>>> print(open('run06.pdb').read())   # PDB, C-alpha atoms
ATOM      1  CA  GLY A  95    -158.719   7.765   8.728  1.00  0.00           C
ATOM      2  CA  GLN A  96    -158.756  11.169   7.183  1.00  0.00           C
ATOM      3  CA  ASN A  97    -157.502  14.463   8.504  1.00  0.00           C
ATOM      4  CA  ILE A  98    -157.820  17.872   6.908  1.00  0.00           C
ATOM      5  CA  ASP A  99    -156.172  20.990   8.282  1.00  0.00           C
ATOM      6  CA  GLN A 100    -156.791  24.630   7.450  1.00  0.00           C
ATOM      7  CA  PRO A 101    -156.000  27.826   9.325  1.00  0.00           C
ATOM      8  CA  THR A 102    -158.908  28.931  11.488  1.00  0.00           C
ATOM      9  CA  GLU A 103    -158.885  32.602  10.619  1.00  0.00           C
ATOM     10  CA  MET A 104    -157.246  34.983   8.180  1.00  0.00           C
ATOM     11  CA  THR A 105    -157.520  38.711   7.611  1.00  0.00           C
ATOM     12  CA  ALA A 106    -156.731  40.781   4.553  1.00  0.00           C
ATOM     13  CA  THR A 107    -157.495  44.156   2.999  1.00  0.00           C
ATOM     14  CA  GLU A 108    -159.467  45.021  -0.102  1.00  0.00           C
ATOM     15  CA  GLY A 109    -157.514  44.644  -3.304  1.00  0.00           C
ATOM     16  CA  ALA A 110    -154.967  42.316  -1.758  1.00  0.00           C
ATOM     17  CA  ILE A 111    -154.187  38.691  -2.549  1.00  0.00           C
ATOM     18  CA  VAL A 112    -154.681  35.938   0.016  1.00  0.00           C
ATOM     19  CA  GLN A 113    -153.729  32.267  -0.034  1.00  0.00           C
ATOM     20  CA  ILE A 114    -155.643  29.770   2.099  1.00  0.00           C
ATOM     21  CA  ASN A 115    -153.797  26.521   2.632  1.00  0.00           C
ATOM     22  CA  CYS A 116    -155.211  23.067   3.172  1.00  0.00           C
ATOM     23  CA  THR A 117    -153.257  19.938   4.046  1.00  0.00           C
ATOM     24  CA  TYR A 118    -154.837  16.505   4.081  1.00  0.00           C
ATOM     25  CA  GLN A 119    -154.047  12.964   5.064  1.00  0.00           C
ATOM     26  CA  THR A 120    -156.350  10.402   3.531  1.00  0.00           C
ATOM     27  CA  SER A 121    -156.345   6.679   2.894  1.00  0.00           C
ATOM     28  CA  GLY A 122    -157.484   7.307  -0.671  1.00  0.00           C
ATOM     29  CA  PHE A 123    -158.001  10.345  -2.860  1.00  0.00           C
ATOM     30  CA  ASN A 124    -160.718  11.130  -5.345  1.00  0.00           C
ATOM     31  CA  GLY A 125    -160.389  14.870  -5.618  1.00  0.00           C
ATOM     32  CA  LEU A 126    -160.472  18.027  -3.555  1.00  0.00           C
ATOM     33  CA  PHE A 127    -163.148  20.702  -3.451  1.00  0.00           C
ATOM     34  CA  TRP A 128    -163.176  24.266  -2.195  1.00  0.00           C
ATOM     35  CA  TYR A 129    -166.451  25.761  -1.051  1.00  0.00           C
ATOM     36  CA  GLN A 130    -167.352  29.252   0.112  1.00  0.00           C
ATOM     37  CA  GLN A 131    -169.892  29.772   2.863  1.00  0.00           C
ATOM     38  CA  HIS A 132    -171.237  33.160   3.913  1.00  0.00           C
ATOM     39  CA  ALA A 133    -172.689  33.408   7.401  1.00  0.00           C
ATOM     40  CA  GLY A 134    -176.162  31.924   7.527  1.00  0.00           C
ATOM     41  CA  GLU A 135    -176.002  30.604   3.988  1.00  0.00           C
ATOM     42  CA  ALA A 136    -175.353  27.308   2.244  1.00  0.00           C
ATOM     43  CA  PRO A 137    -171.854  26.414   1.033  1.00  0.00           C
ATOM     44  CA  THR A 138    -171.334  27.180  -2.642  1.00  0.00           C
ATOM     45  CA  PHE A 139    -168.894  25.481  -4.991  1.00  0.00           C
ATOM     46  CA  LEU A 140    -165.682  27.270  -5.906  1.00  0.00           C
ATOM     47  CA  SER A 141    -163.340  24.701  -7.408  1.00  0.00           C
ATOM     48  CA  TYR A 142    -162.471  21.051  -7.893  1.00  0.00           C
ATOM     49  CA  ASN A 143    -158.969  19.597  -8.331  1.00  0.00           C
ATOM     50  CA  VAL A 144    -158.192  15.975  -9.015  1.00  0.00           C
ATOM     51  CA  LEU A 145    -154.873  16.327 -10.875  1.00  0.00           C
ATOM     52  CA  ASP A 146    -151.781  18.207  -9.753  1.00  0.00           C
ATOM     53  CA  GLY A 147    -151.541  21.800 -10.803  1.00  0.00           C
ATOM     54  CA  LEU A 148    -153.319  25.094 -10.824  1.00  0.00           C
ATOM     55  CA  GLU A 149    -156.932  25.659 -11.842  1.00  0.00           C
ATOM     56  CA  GLU A 150    -157.826  29.275 -12.498  1.00  0.00           C
ATOM     57  CA  LYS A 151    -161.323  30.663 -12.493  1.00  0.00           C
ATOM     58  CA  GLY A 152    -161.566  34.425 -12.534  1.00  0.00           C
ATOM     59  CA  ARG A 153    -160.286  35.941  -9.303  1.00  0.00           C
ATOM     60  CA  PHE A 154    -160.070  32.510  -7.680  1.00  0.00           C
ATOM     61  CA  SER A 155    -157.441  29.842  -8.323  1.00  0.00           C
ATOM     62  CA  SER A 156    -156.876  26.493  -6.679  1.00  0.00           C
ATOM     63  CA  PHE A 157    -153.719  24.422  -6.594  1.00  0.00           C
ATOM     64  CA  LEU A 158    -153.189  20.769  -5.781  1.00  0.00           C
ATOM     65  CA  SER A 159    -150.143  18.648  -5.022  1.00  0.00           C
ATOM     66  CA  ARG A 160    -151.199  15.062  -4.426  1.00  0.00           C
ATOM     67  CA  SER A 161    -147.711  13.904  -3.437  1.00  0.00           C
ATOM     68  CA  LYS A 162    -147.600  16.524  -0.692  1.00  0.00           C
ATOM     69  CA  GLY A 163    -151.222  16.225   0.370  1.00  0.00           C
ATOM     70  CA  TYR A 164    -151.526  19.958  -0.107  1.00  0.00           C
ATOM     71  CA  SER A 165    -153.864  22.412  -1.729  1.00  0.00           C
ATOM     72  CA  TYR A 166    -154.361  26.142  -1.640  1.00  0.00           C
ATOM     73  CA  LEU A 167    -157.045  28.570  -2.673  1.00  0.00           C
ATOM     74  CA  LEU A 168    -155.796  31.871  -4.023  1.00  0.00           C
ATOM     75  CA  LEU A 169    -158.083  34.881  -3.970  1.00  0.00           C
ATOM     76  CA  LYS A 170    -156.995  37.931  -5.942  1.00  0.00           C
ATOM     77  CA  GLU A 171    -158.279  41.509  -5.926  1.00  0.00           C
ATOM     78  CA  LEU A 172    -160.087  40.906  -2.687  1.00  0.00           C
ATOM     79  CA  GLN A 173    -163.491  42.481  -2.205  1.00  0.00           C
ATOM     80  CA  MET A 174    -165.523  42.985   0.952  1.00  0.00           C
ATOM     81  CA  LYS A 175    -167.986  40.368  -0.260  1.00  0.00           C
ATOM     82  CA  ASP A 176    -165.202  37.758  -0.106  1.00  0.00           C
ATOM     83  CA  SER A 177    -165.496  37.818   3.690  1.00  0.00           C
ATOM     84  CA  ALA A 178    -166.722  34.284   4.338  1.00  0.00           C
ATOM     85  CA  SER A 179    -165.695  30.855   5.495  1.00  0.00           C
ATOM     86  CA  TYR A 180    -163.696  28.793   2.994  1.00  0.00           C
ATOM     87  CA  LEU A 181    -164.035  25.055   3.263  1.00  0.00           C
ATOM     88  CA  CYS A 182    -161.594  22.498   1.940  1.00  0.00           C
ATOM     89  CA  ALA A 183    -163.111  19.053   1.322  1.00  0.00           C
ATOM     90  CA  VAL A 184    -161.635  15.782   0.140  1.00  0.00           C
ATOM     91  CA  VAL A 185    -163.651  13.060  -1.574  1.00  0.00           C
ATOM     92  CA  ASN A 186    -163.279   9.796   0.259  1.00  0.00           C
ATOM     93  CA  GLN A 187    -161.824   6.730  -1.418  1.00  0.00           C
ATOM     94  CA  ALA A 188    -165.218   5.236  -2.194  1.00  0.00           C
ATOM     95  CA  GLY A 189    -166.390   8.472  -3.755  1.00  0.00           C
ATOM     96  CA  THR A 190    -169.380   8.558  -1.453  1.00  0.00           C
ATOM     97  CA  ALA A 191    -168.587  11.374   0.962  1.00  0.00           C
ATOM     98  CA  LEU A 192    -166.979  14.763   1.242  1.00  0.00           C
ATOM     99  CA  ILE A 193    -164.699  15.059   4.251  1.00  0.00           C
ATOM    100  CA  PHE A 194    -164.464  18.695   5.251  1.00  0.00           C
ATOM    101  CA  GLY A 195    -161.865  20.676   7.082  1.00  0.00           C
ATOM    102  CA  LYS A 196    -163.176  22.994   9.795  1.00  0.00           C
ATOM    103  CA  GLY A 197    -162.986  25.950   7.465  1.00  0.00           C
ATOM    104  CA  THR A 198    -161.031  29.187   7.314  1.00  0.00           C
ATOM    105  CA  THR A 199    -162.867  32.393   8.198  1.00  0.00           C
ATOM    106  CA  LEU A 200    -161.590  35.192   6.009  1.00  0.00           C
ATOM    107  CA  SER A 201    -162.235  38.791   7.010  1.00  0.00           C
ATOM    108  CA  VAL A 202    -161.657  41.450   4.385  1.00  0.00           C
ATOM    109  CA  SER A 203    -161.381  45.026   5.578  1.00  0.00           C
ATOM    110  CA  SER A 204    -161.252  48.320   3.717  1.00  0.00           C
TER
ATOM    111  CA  LYS B 154    -183.646  24.935 -12.333  1.00  0.00           C
ATOM    112  CA  ALA B 155    -184.766  24.654  -8.716  1.00  0.00           C
ATOM    113  CA  GLY B 156    -182.059  24.164  -6.123  1.00  0.00           C
ATOM    114  CA  VAL B 157    -181.897  21.839  -3.166  1.00  0.00           C
ATOM    115  CA  THR B 158    -184.831  22.384  -0.838  1.00  0.00           C
ATOM    116  CA  GLN B 159    -184.707  21.572   2.849  1.00  0.00           C
ATOM    117  CA  THR B 160    -187.631  21.726   5.205  1.00  0.00           C
ATOM    118  CA  PRO B 161    -188.210  22.979   7.754  1.00  0.00           C
ATOM    119  CA  ARG B 162    -185.704  25.821   7.926  1.00  0.00           C
ATOM    120  CA  TYR B 163    -185.881  26.133  11.700  1.00  0.00           C
ATOM    121  CA  LEU B 164    -186.916  23.725  14.384  1.00  0.00           C
ATOM    122  CA  ILE B 165    -186.976  23.770  18.176  1.00  0.00           C
ATOM    123  CA  LYS B 166    -187.326  20.482  20.002  1.00  0.00           C
ATOM    124  CA  THR B 167    -186.919  19.315  23.575  1.00  0.00           C
ATOM    125  CA  ARG B 168    -184.550  16.645  24.805  1.00  0.00           C
ATOM    126  CA  GLY B 169    -185.804  13.132  24.264  1.00  0.00           C
ATOM    127  CA  GLN B 170    -188.010  13.999  21.303  1.00  0.00           C
ATOM    128  CA  GLN B 171    -187.390  12.870  17.783  1.00  0.00           C
ATOM    129  CA  VAL B 172    -187.207  14.904  14.609  1.00  0.00           C
ATOM    130  CA  THR B 173    -187.459  14.302  10.869  1.00  0.00           C
ATOM    131  CA  LEU B 174    -185.822  16.593   8.353  1.00  0.00           C
ATOM    132  CA  SER B 175    -186.545  16.576   4.644  1.00  0.00           C
ATOM    133  CA  CYS B 176    -184.425  17.250   1.583  1.00  0.00           C
ATOM    134  CA  SER B 177    -185.534  17.517  -2.043  1.00  0.00           C
ATOM    135  CA  PRO B 178    -182.529  17.336  -4.382  1.00  0.00           C
ATOM    136  CA  ILE B 179    -182.082  19.014  -7.724  1.00  0.00           C
ATOM    137  CA  SER B 180    -184.100  17.261 -10.387  1.00  0.00           C
ATOM    138  CA  GLY B 181    -182.093  14.431 -11.914  1.00  0.00           C
ATOM    139  CA  HIS B 182    -179.640  14.193  -9.022  1.00  0.00           C
ATOM    140  CA  ARG B 183    -179.571  10.759  -7.462  1.00  0.00           C
ATOM    141  CA  SER B 184    -176.951  11.262  -4.763  1.00  0.00           C
ATOM    142  CA  VAL B 185    -178.020  12.936  -1.529  1.00  0.00           C
ATOM    143  CA  SER B 186    -175.647  13.506   1.370  1.00  0.00           C
ATOM    144  CA  TRP B 187    -176.339  14.846   4.832  1.00  0.00           C
ATOM    145  CA  TYR B 188    -173.968  16.867   6.993  1.00  0.00           C
ATOM    146  CA  GLN B 189    -174.067  18.294  10.493  1.00  0.00           C
ATOM    147  CA  GLN B 190    -172.457  21.685  10.957  1.00  0.00           C
ATOM    148  CA  THR B 191    -171.500  23.058  14.360  1.00  0.00           C
ATOM    149  CA  PRO B 192    -169.150  25.913  15.266  1.00  0.00           C
ATOM    150  CA  GLY B 193    -166.707  23.611  17.005  1.00  0.00           C
ATOM    151  CA  GLN B 194    -166.612  20.671  14.619  1.00  0.00           C
ATOM    152  CA  GLY B 195    -167.371  22.230  11.259  1.00  0.00           C
ATOM    153  CA  LEU B 196    -169.139  20.145   8.624  1.00  0.00           C
ATOM    154  CA  GLN B 197    -169.310  16.481   9.506  1.00  0.00           C
ATOM    155  CA  PHE B 198    -170.548  13.784   7.163  1.00  0.00           C
ATOM    156  CA  LEU B 199    -173.626  11.884   8.326  1.00  0.00           C
ATOM    157  CA  PHE B 200    -174.600   9.608   5.436  1.00  0.00           C
ATOM    158  CA  GLU B 201    -174.987   9.402   1.683  1.00  0.00           C
ATOM    159  CA  TYR B 202    -177.726   7.831  -0.387  1.00  0.00           C
ATOM    160  CA  PHE B 203    -177.721   6.918  -4.039  1.00  0.00           C
ATOM    161  CA  SER B 204    -180.740   5.413  -5.750  1.00  0.00           C
ATOM    162  CA  GLU B 205    -182.392   4.625  -2.403  1.00  0.00           C
ATOM    163  CA  THR B 206    -179.312   2.823  -1.046  1.00  0.00           C
ATOM    164  CA  GLN B 207    -177.164   4.088   1.788  1.00  0.00           C
ATOM    165  CA  ARG B 208    -173.638   3.881   0.435  1.00  0.00           C
ATOM    166  CA  ASN B 209    -171.760   5.394   3.324  1.00  0.00           C
ATOM    167  CA  LYS B 210    -172.318   6.427   6.918  1.00  0.00           C
ATOM    168  CA  GLY B 211    -170.286   8.749   9.067  1.00  0.00           C
ATOM    169  CA  ASN B 212    -169.272   8.316  12.655  1.00  0.00           C
ATOM    170  CA  PHE B 213    -172.561   9.168  14.329  1.00  0.00           C
ATOM    171  CA  PRO B 214    -174.626   7.142  16.796  1.00  0.00           C
ATOM    172  CA  GLY B 215    -177.494   4.975  15.679  1.00  0.00           C
ATOM    173  CA  ARG B 216    -179.948   7.661  16.773  1.00  0.00           C
ATOM    174  CA  PHE B 217    -179.205   9.286  13.427  1.00  0.00           C
ATOM    175  CA  SER B 218    -180.814   7.538  10.503  1.00  0.00           C
ATOM    176  CA  GLY B 219    -181.994   8.351   7.042  1.00  0.00           C
ATOM    177  CA  ARG B 220    -183.631   7.083   3.939  1.00  0.00           C
ATOM    178  CA  GLN B 221    -184.132   7.989   0.307  1.00  0.00           C
ATOM    179  CA  PHE B 222    -187.273   7.572  -1.716  1.00  0.00           C
ATOM    180  CA  SER B 223    -187.674   6.528  -5.328  1.00  0.00           C
ATOM    181  CA  ASN B 224    -187.987  10.189  -6.384  1.00  0.00           C
ATOM    182  CA  SER B 225    -184.573  10.842  -4.733  1.00  0.00           C
ATOM    183  CA  ARG B 226    -186.082  12.903  -1.926  1.00  0.00           C
ATOM    184  CA  SER B 227    -184.411  12.085   1.354  1.00  0.00           C
ATOM    185  CA  GLU B 228    -185.242  12.298   5.012  1.00  0.00           C
ATOM    186  CA  MET B 229    -183.087  12.076   8.072  1.00  0.00           C
ATOM    187  CA  ASN B 230    -184.349  11.236  11.509  1.00  0.00           C
ATOM    188  CA  VAL B 231    -182.813  11.866  14.880  1.00  0.00           C
ATOM    189  CA  SER B 232    -184.344  10.040  17.823  1.00  0.00           C
ATOM    190  CA  THR B 233    -183.961  10.720  21.537  1.00  0.00           C
ATOM    191  CA  LEU B 234    -182.623  14.200  20.939  1.00  0.00           C
ATOM    192  CA  GLU B 235    -179.751  15.497  23.038  1.00  0.00           C
ATOM    193  CA  LEU B 236    -178.640  19.082  23.616  1.00  0.00           C
ATOM    194  CA  GLY B 237    -175.520  18.371  21.576  1.00  0.00           C
ATOM    195  CA  ASP B 238    -177.607  17.640  18.514  1.00  0.00           C
ATOM    196  CA  SER B 239    -178.277  21.352  18.147  1.00  0.00           C
ATOM    197  CA  ALA B 240    -176.723  22.212  14.814  1.00  0.00           C
ATOM    198  CA  LEU B 241    -177.292  23.213  11.223  1.00  0.00           C
ATOM    199  CA  TYR B 242    -178.143  20.139   9.172  1.00  0.00           C
ATOM    200  CA  LEU B 243    -177.199  20.475   5.533  1.00  0.00           C
ATOM    201  CA  CYS B 244    -178.229  18.336   2.634  1.00  0.00           C
ATOM    202  CA  ALA B 245    -176.276  18.200  -0.619  1.00  0.00           C
ATOM    203  CA  SER B 246    -177.233  16.670  -3.937  1.00  0.00           C
ATOM    204  CA  SER B 247    -175.114  15.695  -6.912  1.00  0.00           C
ATOM    205  CA  LEU B 248    -175.328  13.600 -10.044  1.00  0.00           C
ATOM    206  CA  ARG B 249    -172.656  11.359  -8.608  1.00  0.00           C
ATOM    207  CA  LEU B 250    -170.284  12.418  -5.875  1.00  0.00           C
ATOM    208  CA  THR B 251    -166.877  11.676  -7.316  1.00  0.00           C
ATOM    209  CA  GLY B 252    -165.679  14.506  -9.480  1.00  0.00           C
ATOM    210  CA  THR B 253    -168.914  16.438  -9.565  1.00  0.00           C
ATOM    211  CA  GLU B 254    -170.078  19.470  -7.701  1.00  0.00           C
ATOM    212  CA  ALA B 255    -172.331  18.944  -4.711  1.00  0.00           C
ATOM    213  CA  PHE B 256    -175.084  21.538  -4.369  1.00  0.00           C
ATOM    214  CA  PHE B 257    -176.122  22.394  -0.842  1.00  0.00           C
ATOM    215  CA  GLY B 258    -179.498  23.351   0.503  1.00  0.00           C
ATOM    216  CA  GLN B 259    -179.992  26.217   2.943  1.00  0.00           C
ATOM    217  CA  GLY B 260    -180.085  23.784   5.835  1.00  0.00           C
ATOM    218  CA  THR B 261    -182.331  23.139   8.801  1.00  0.00           C
ATOM    219  CA  ARG B 262    -181.341  24.875  12.004  1.00  0.00           C
ATOM    220  CA  LEU B 263    -182.220  22.488  14.844  1.00  0.00           C
ATOM    221  CA  THR B 264    -182.213  23.732  18.407  1.00  0.00           C
ATOM    222  CA  VAL B 265    -182.650  21.232  21.223  1.00  0.00           C
ATOM    223  CA  VAL B 266    -183.682  22.698  24.559  1.00  0.00           C
TER
END
>>> encode(input="run06.pdb", output="structure tokens")
Amino acid sequence: GQNIDQPTEMTATEGAIVQINCTYQTSGFNGLFWYQQHAGEAPTFLSYNVLDGLEEKGRFSSFLSRSKGYSYLLLKELQMKDSASYLCAVVNQAGTALIFGKGTTLSVSS
Amino acid sequence: KAGVTQTPRYLIKTRGQQVTLSCSPISGHRSVSWYQQTPGQGLQFLFEYFSETQRNKGNFPGRFSGRQFSNSRSEMNVSTLELGDSALYLCASSLRLTGTEAFFGQGTRLTVV
């Protein structure tokens, strides 16, 4: 089976840095995605990691450690518009499904 | 290019009825996946189709079914609706799932009363 854990909620202030952690237990691994979902909207792609290390893309970075079953999403210079749910998803062994965590709701305040 | 289109956006049905939801993927995408999203359970995988073949199915009862047409458009059907089927149903398309971004549609909000 597969299990993905993320914190349920996080709060931060504008301009700050926040790290959202994701731990996973899977029978196989084909990569890990991070998606952002604003209330009432579709999830949108943020990052994809398949090898260990840090992937940086503007204010967002994502890190993966396959040996530890661990990933994090790092958001820098937080803005109010970053208030959203952040979803960690692992590709199943067959490469035919995304298995999602329950998401982390981030609230950014001024 | 056009994104993933799901119809209808909102639907209200009564218990025991059946419903069909539609998803048109991005042109050229052959993989279509369906997910159910609820506040308590988050996004849960329903099934995935590639070139008209169901390649994987999540842990949902047989009342949930789907299909994909030769133009990659997909439909999912839920029969004998239950109150617990109330959810946002999301469709995602990708060129191939492994290692490529999945693009989500806006979803169909199904309410069962």
>>> residues_around(input="run06.pdb", residues="range 190-204 of chain B", least_positions_apart="2", cutoff="10 Å", atoms="only C-alpha atoms", output="PyMOL selection string")
(chain A and resi 181+183+190-197) or (chain B and resi 182-188+206-214+217-227+229+237-250+260+262)
>>> atom_distance(input="run06.pdb", atom1="CA of Tyr118 in chain A", atom2="CA of Gln96 in chain A")
7.3 Å
>>> interface_residues(input="run06.pdb", of="chain A", to="chain B", cutoff="12 Å", atoms="only C-alpha atoms", output="short mmCIF file (atom, residue, chain, number, x, y, z; two decimals) with C-alpha atoms, in the frame of the given file")
data_model
loop_
_atom_site.label_atom_id
_atom_site.label_comp_id
_atom_site.auth_asym_id
_atom_site.auth_seq_id
_atom_site.Cartn_x
_atom_site.Cartn_y
_atom_site.Cartn_z
CA GLY A 95 -158.72 7.76 8.73
CA GLN A 96 -158.76 11.17 7.18
CA ILE A 98 -157.82 17.87 6.91
CA ASP A 99 -156.17 20.99 8.28
CA GLN A 100 -156.79 24.63 7.45
CA THR A 102 -158.91 28.93 11.49
CA PHE A 123 -158.00 10.34 -2.86
CA ASN A 124 -160.72 11.13 -5.34
CA GLY A 125 -160.39 14.87 -5.62
CA LEU A 126 -160.47 18.03 -3.56
CA PHE A 127 -163.15 20.70 -3.45
CA TRP A 128 -163.18 24.27 -2.19
CA TYR A 129 -166.45 25.76 -1.05
CA GLN A 130 -167.35 29.25 0.11
CA GLN A 131 -169.89 29.77 2.86
CA HIS A 132 -171.24 33.16 3.91
CA ALA A 133 -172.69 33.41 7.40
CA GLY A 134 -176.16 31.92 7.53
CA GLU A 135 -176.00 30.60 3.99
CA ALA A 136 -175.35 27.31 2.24
CA PRO A 137 -171.85 26.41 1.03
CA THR A 138 -171.33 27.18 -2.64
CA PHE A 139 -168.89 25.48 -4.99
CA LEU A 140 -165.68 27.27 -5.91
CA SER A 141 -163.34 24.70 -7.41
CA TYR A 142 -162.47 21.05 -7.89
CA ASN A 143 -158.97 19.60 -8.33
CA VAL A 144 -158.19 15.98 -9.02
CA LEU A 145 -154.87 16.33 -10.88
CA SER A 179 -165.70 30.86 5.50
CA TYR A 180 -163.70 28.79 2.99
CA LEU A 181 -164.04 25.06 3.26
CA CYS A 182 -161.59 22.50 1.94
CA ALA A 183 -163.11 19.05 1.32
CA VAL A 184 -161.64 15.78 0.14
CA VAL A 185 -163.65 13.06 -1.57
CA ASN A 186 -163.28 9.80 0.26
CA GLN A 187 -161.82 6.73 -1.42
CA ALA A 188 -165.22 5.24 -2.19
CA GLY A 189 -166.39 8.47 -3.76
CA THR A 190 -169.38 8.56 -1.45
CA ALA A 191 -168.59 11.37 0.96
CA LEU A 192 -166.98 14.76 1.24
CA ILE A 193 -164.70 15.06 4.25
CA PHE A 194 -164.46 18.70 5.25
CA GLY A 195 -161.86 20.68 7.08
CA LYS A 196 -163.18 22.99 9.80
CA GLY A 197 -162.99 25.95 7.46
CA THR A 198 -161.03 29.19 7.31
CA THR A 199 -162.87 32.39 8.20
#
>>> atom_distance(input="run06.pdb", atom1="CA of Ala155 in chain B", atom2="CA of Leu263 in chain B")
23.8 Å
>>> atom_distance(input="run06.pdb", atom1="CA of Glu171 in chain A", atom2="CA of Glu149 in chain A")
17.0 Å
>>> closest_residue(input="run06.pdb", among="B:Ile165, B:Gln170, B:Pro178, B:Ser232", to="Val265 in chain B", atoms="all atoms listed in the file")
B:Ile165
>>> axis_aligned_box(input="run06.pdb", around="range 227-241 of chain B", padding_each_side="8 Å", output="JSON")
{"center_x": -180.4, "center_y": 16.6, "center_z": 12.5, "size_x": 25.7, "size_y": 29.2, "size_z": 38.3}
>>> residues_near_point(input="run06.pdb", point="(-155.0, 27.3, -1.9)", cutoff="7 Å", atoms="all atoms listed in the file", output="mmCIF file with C-alpha atoms, keeping the file's coordinate frame")
data_model
loop_
_atom_site.group_PDB
_atom_site.id
_atom_site.type_symbol
_atom_site.label_atom_id
_atom_site.label_comp_id
_atom_site.auth_asym_id
_atom_site.auth_seq_id
_atom_site.Cartn_x
_atom_site.Cartn_y
_atom_site.Cartn_z
ATOM 1 C CA GLN A 113 -153.729 32.267 -0.034
ATOM 2 C CA ILE A 114 -155.643 29.770 2.099
ATOM 3 C CA ASN A 115 -153.797 26.521 2.632
ATOM 4 C CA CYS A 116 -155.211 23.067 3.172
ATOM 5 C CA SER A 156 -156.876 26.493 -6.679
ATOM 6 C CA PHE A 157 -153.719 24.422 -6.594
ATOM 7 C CA SER A 165 -153.864 22.412 -1.729
ATOM 8 C CA TYR A 166 -154.361 26.142 -1.640
ATOM 9 C CA LEU A 167 -157.045 28.570 -2.673
ATOM 10 C CA LEU A 168 -155.796 31.871 -4.023
#
>>> resolve_selection(input="run06.pdb", expression="the PyMOL selection byres ((chain A and resi 106) around 12)", output="count of residues only")
26
>>> resolve_selection(input="run06.pdb", expression="the PyMOL selection byres ((chain B and resi 233) around 9)", output="list in words")
Arg168, Gly169, Gln170, Gln171, Val172, Arg216, Val231, Ser232, Leu234 and Glu235 of chain B
